[in-house]
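A short write-up of the structure that comes next.
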Amino acid sequence: MGQLSAKNVSVAFAGLKALSSVTLDITPGHISGLIGPNGAGKTTLVNVLTGFQMPTEGAVELDGHSLDRLKPHQVRRRGIARTFQGGRLFRDLAVIDNLEVTGVGLGMSRRSAVAEAAAMLDWIGISALGDRIAGTLPYTDERRVAIGRALMGQPAYILLDEPAAGMSSHEAGDLSALIRRIARERGCGVLLIEHNVGLVLGLCDHIVVLDSGAVIEEGTPAAIRDSEKVRHAYMGTAVDTDLPVLEALQ
Ligand SMILES: Nc1ncnc2c1ncn2[C@@H]1O[C@H](COP(=O)(O)OP(=O)(O)OP(=O)(O)O)[C@@H](O)[C@H]1O
Ligand SMILES: [Mg+2]
């Protein structure tokens, strides 16, 4: 079976080790979780997996082949899509056009990009938003549009960088159902980065925990919930945003 893997990936920024020999696998149809306190290196790892950041050491492999030196758009065309912390839609374009432009960028004809965009909005359940200007959407809708855009071109993998940030538990529940459908119905391999640890524990098959750039724990949700190391990592940095994490780990 195919797999997307970070193999012993390290990234250094002018003396700061953002990642230290991190290994992580993402499998089609499975949801993997990546958690850790602020500054742990989660986004940096997504950047490496999607060609936005060159690793200082180590490699990214897709089905055993190195993706070294590929640019982000080349990685995307190989079926590895992502969302960004904080949306990053084309704010002045209508929702449907956000998806269409991405489809055209992936090499589709305008006609098939429009058709896939409409089908995608329908699949997500947001067809009614198609004509809205993206910059006017509430962020819960913005996130779903960003996910729809990432799913254009039927990627084999999708990496979600804090898709539930700022959501109520009800909104996070809806998002959780969508993420599950992405894995089950589309067969996508999902990497879910979230500070909402309850969401991660409920959704993921396998969870990797980063702290200060290093993997400090990995395993099933039950193993992560029971891990003293994980609790300790979050306690060390406990700020307001991390308090729900500690509750989820109780
Ligand atoms: N381009 C960069 N140049 C220098 N330092 C960076 C750069 N990008 C990230 N860093 C640093 O690398 C470390 C890891 O950052 P990263 O954004 O990957 O963390 P994160 O786990 O995604 O955090 P958060 O939960 O706040 O999103 C941090 O110390 C950050 O300040
Ligand atoms: Mg981040």
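Residues are named by chain letter and number: chains run A, B, ... in the order of the structure tokens, numbers start at 1 in each chain, and ligands are numbered from 1 in the order shown.
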Open item on the list: Among region 8-242 of chain A, which ones does DSSP assign to strand (DSSP E) (computed from the backbone)? Answer as a PyMOL selection string.
Closed with: chain A and resi 8-13+16-26+31-35+57-62+65-66+80-82+157-161+189-193+206-211+214-219
Open item on the list: 9 Å from ligand 1 is the threshold here; counting only C-alpha atoms and all ligand atoms, which polymer residues fall inside it? Answer as a PyMOL selection string.
Closed with: chain A and resi 11-14+16-19+35-47+53+85+161-162+193-195+210-213
Written selection (N, CA, C and O atoms) as a short mmCIF file (atom, residue, chain, number, x, y, z; two decimals), in the first residue's frame:
```cif
data_model
loop_
_atom_site.label_atom_id
_atom_site.label_comp_id
_atom_site.auth_asym_id
_atom_site.auth_seq_id
_atom_site.Cartn_x
_atom_site.Cartn_y
_atom_site.Cartn_z
N VAL A 11 14.98 20.12 10.70
CA VAL A 11 14.99 21.46 10.12
C VAL A 11 15.61 22.40 11.14
O VAL A 11 15.22 22.42 12.31
N ALA A 12 16.62 23.16 10.70
CA ALA A 12 17.24 24.16 11.58
C ALA A 12 17.01 25.54 10.98
O ALA A 12 17.19 25.74 9.78
N PHE A 13 16.57 26.47 11.83
CA PHE A 13 16.45 27.88 11.42
C PHE A 13 17.49 28.66 12.21
O PHE A 13 17.31 28.83 13.41
N ALA A 14 18.54 29.09 11.57
CA ALA A 14 19.54 29.93 12.23
C ALA A 14 19.76 29.55 13.70
O ALA A 14 19.49 30.31 14.62
N LEU A 16 18.14 27.53 15.61
CA LEU A 16 17.01 26.90 16.30
C LEU A 16 16.66 25.59 15.60
O LEU A 16 16.43 25.57 14.39
N LYS A 17 16.63 24.50 16.36
CA LYS A 17 16.22 23.23 15.76
C LYS A 17 14.71 23.10 15.85
O LYS A 17 14.16 22.77 16.90
N ALA A 18 14.04 23.39 14.74
CA ALA A 18 12.57 23.33 14.72
C ALA A 18 12.11 21.88 14.66
O ALA A 18 11.05 21.54 15.19
N LEU A 19 12.89 21.00 14.00
CA LEU A 19 12.58 19.57 13.96
C LEU A 19 13.88 18.78 14.11
O LEU A 19 14.90 19.14 13.52
N ILE A 35 0.11 16.27 17.33
CA ILE A 35 -0.17 17.25 18.38
C ILE A 35 1.12 17.67 19.06
O ILE A 35 2.18 17.06 18.86
N GLY A 36 1.02 18.71 19.87
CA GLY A 36 2.17 19.22 20.60
C GLY A 36 1.94 20.68 20.91
O GLY A 36 1.17 21.35 20.22
N PRO A 37 2.62 21.19 21.92
CA PRO A 37 2.41 22.58 22.34
C PRO A 37 2.80 23.59 21.24
O PRO A 37 3.43 23.22 20.25
N ASN A 38 2.46 24.84 21.45
CA ASN A 38 2.84 25.91 20.51
C ASN A 38 4.34 25.88 20.27
O ASN A 38 5.12 25.72 21.20
N GLY A 39 4.73 26.01 18.99
CA GLY A 39 6.15 26.06 18.66
C GLY A 39 6.82 24.70 18.62
O GLY A 39 8.04 24.59 18.46
N ALA A 40 6.03 23.60 18.73
CA ALA A 40 6.61 22.26 18.76
C ALA A 40 7.22 21.84 17.42
O ALA A 40 8.07 20.96 17.37
N GLY A 41 6.75 22.47 16.32
CA GLY A 41 7.29 22.12 15.00
C GLY A 41 6.26 21.51 14.06
O GLY A 41 6.61 21.03 12.98
N LYS A 42 4.99 21.54 14.45
CA LYS A 42 3.94 20.87 13.67
C LYS A 42 3.80 21.47 12.26
O LYS A 42 3.79 20.75 11.26
N THR A 43 3.67 22.80 12.20
CA THR A 43 3.52 23.44 10.89
C THR A 43 4.79 23.27 10.06
O THR A 43 4.73 23.07 8.84
N THR A 44 5.93 23.31 10.72
CA THR A 44 7.19 23.11 9.99
C THR A 44 7.20 21.73 9.32
O THR A 44 7.63 21.60 8.17
N LEU A 45 6.69 20.72 10.02
CA LEU A 45 6.65 19.38 9.43
C LEU A 45 5.69 19.35 8.23
O LEU A 45 6.02 18.74 7.19
N VAL A 46 4.54 20.00 8.34
CA VAL A 46 3.62 20.07 7.20
C VAL A 46 4.30 20.80 6.04
O VAL A 46 4.19 20.38 4.88
N ASN A 47 5.03 21.86 6.35
CA ASN A 47 5.75 22.59 5.30
C ASN A 47 6.77 21.69 4.59
O ASN A 47 6.92 21.75 3.37
N GLN A 53 9.12 23.81 2.65
CA GLN A 53 10.34 23.95 3.46
C GLN A 53 11.26 22.78 3.14
O GLN A 53 10.84 21.62 3.19
N GLN A 85 -2.93 27.10 8.44
CA GLN A 85 -3.39 27.65 9.69
C GLN A 85 -3.98 29.03 9.34
O GLN A 85 -3.27 29.89 8.83
N ASP A 161 -3.97 21.79 8.92
CA ASP A 161 -3.25 22.50 9.99
C ASP A 161 -4.22 23.31 10.84
O ASP A 161 -4.64 24.39 10.46
N GLU A 162 -4.59 22.75 11.96
CA GLU A 162 -5.51 23.36 12.94
C GLU A 162 -6.84 23.79 12.32
O GLU A 162 -7.24 24.96 12.44
N ILE A 193 -3.61 18.14 12.41
CA ILE A 193 -2.90 18.88 13.45
C ILE A 193 -3.95 19.66 14.22
O ILE A 193 -4.76 20.36 13.61
N GLU A 194 -3.97 19.52 15.51
CA GLU A 194 -5.00 20.22 16.28
C GLU A 194 -4.56 20.47 17.72
O GLU A 194 -3.91 19.63 18.34
N HIS A 195 -4.94 21.63 18.23
CA HIS A 195 -4.82 21.87 19.66
C HIS A 195 -6.03 21.30 20.40
O HIS A 195 -5.97 21.11 21.61
N LEU A 210 4.73 15.87 19.24
CA LEU A 210 5.98 16.62 19.11
C LEU A 210 6.13 17.56 20.30
O LEU A 210 5.16 18.15 20.76
N ASP A 211 7.36 17.71 20.75
CA ASP A 211 7.67 18.76 21.73
C ASP A 211 9.06 19.28 21.41
O ASP A 211 10.00 18.48 21.23
N SER A 212 9.19 20.57 21.27
CA SER A 212 10.47 21.20 20.92
C SER A 212 11.15 20.50 19.74
O SER A 212 12.36 20.27 19.76
N GLY A 213 10.36 20.12 18.74
CA GLY A 213 10.92 19.58 17.52
C GLY A 213 11.19 18.09 17.50
O GLY A 213 11.57 17.54 16.48
#
```
TODO: Mind checking which residues fall within 7 Å of Thr23 (chain A), counting only C-alpha atoms, ignoring those fewer than 6 positions away in the same chain, and posting them as a PyMOL selection string?
DONE: chain A and resi 6-9
Polymer residues at most 9 Å from region 144-147 of chain A, only C-alpha atoms, same-chain spacing of 3 or more positions, as an mmCIF file with C-alpha atoms, in the first residue's frame:
```cif
data_model
loop_
_atom_site.group_PDB
_atom_site.id
_atom_site.type_symbol
_atom_site.label_atom_id
_atom_site.label_comp_id
_atom_site.auth_asym_id
_atom_site.auth_seq_id
_atom_site.Cartn_x
_atom_site.Cartn_y
_atom_site.Cartn_z
ATOM 1 C CA ARG A 82 -2.856 20.863 2.588
ATOM 2 C CA THR A 83 -4.755 23.590 4.317
ATOM 3 C CA PHE A 84 -3.108 26.490 6.123
ATOM 4 C CA GLY A 87 -7.506 29.670 5.899
ATOM 5 C CA ARG A 88 -5.689 31.609 3.151
ATOM 6 C CA LEU A 89 -8.524 31.575 0.636
ATOM 7 C CA VAL A 95 -16.261 30.335 -3.120
ATOM 8 C CA ILE A 96 -16.860 28.310 -6.290
ATOM 9 C CA ASN A 98 -11.660 29.470 -5.235
ATOM 10 C CA LEU A 99 -12.103 25.790 -6.043
ATOM 11 C CA LEU A 121 -19.269 21.903 -2.607
ATOM 12 C CA ILE A 124 -19.209 18.909 1.649
ATOM 13 C CA ILE A 126 -21.990 23.888 1.236
ATOM 14 C CA LEU A 129 -22.150 29.174 -0.352
ATOM 15 C CA ALA A 134 -14.754 34.073 0.246
ATOM 16 C CA TYR A 139 -14.336 31.275 9.665
ATOM 17 C CA THR A 140 -16.206 28.002 10.207
ATOM 18 C CA ASP A 141 -17.381 28.152 6.583
ATOM 19 C CA ALA A 150 -7.563 21.132 -0.946
ATOM 20 C CA LEU A 151 -9.642 18.159 -2.091
ATOM 21 C CA MET A 152 -9.794 19.392 -5.708
ATOM 22 C CA ILE A 158 -4.573 15.901 2.870
ATOM 23 C CA LEU A 160 -4.996 19.842 7.901
ATOM 24 C CA PRO A 163 -8.823 23.210 11.059
ATOM 25 C CA LEU A 175 -15.853 19.284 11.214
ATOM 26 C CA LEU A 178 -16.334 15.797 7.593
#
```
Open item on the list: Measuring between only C-alpha atoms and all ligand atoms, which one of A:Ala165, A:Val215, A:Asp226, A:Glu57 shows the shortest distance to ligand 2?
Closed with: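 The shortest atom-to-atom distance to ligand 2 comes from A:Ala165.
Considering only C-alpha atoms, the residue among A:Arg78, A:Gly105, A:Met235, A:Gly166 positioned nearest to Asn196 (chain A) is A:Gly166.
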- [ ] Could you pull out the residues in region 21-149 of chain A that DSSP calls helix (DSSP H, G or I) from the backbone, as a PyMOL selection string?
- [x] chain A and resi 42-49+72-77+95-105+110-124+127-129+134-136+139-149
Open item on the list: My list of candidates is A:Ala172, A:Ala222, A:Ala156, A:Leu106. Which is closest to Val190 (chain A) when distances are computed with only C-alpha atoms?
Closed with: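 Among the listed residues, the smallest separation from Val190 (chain A) belongs to A:Ala156.
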- [ ] Pick out the closest residue to ligand 2 from this set: A:Gly153, A:Gly86, A:Pro28, A:Gly58. Count only C-alpha atoms and all ligand atoms.
- [x] A:Gly86
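Proximity ranking of A:Val208, A:Leu34, A:Ala214, A:Ala117 relative to ligand 2 places A:Leu34 first, based on only C-alpha atoms and all ligand atoms.
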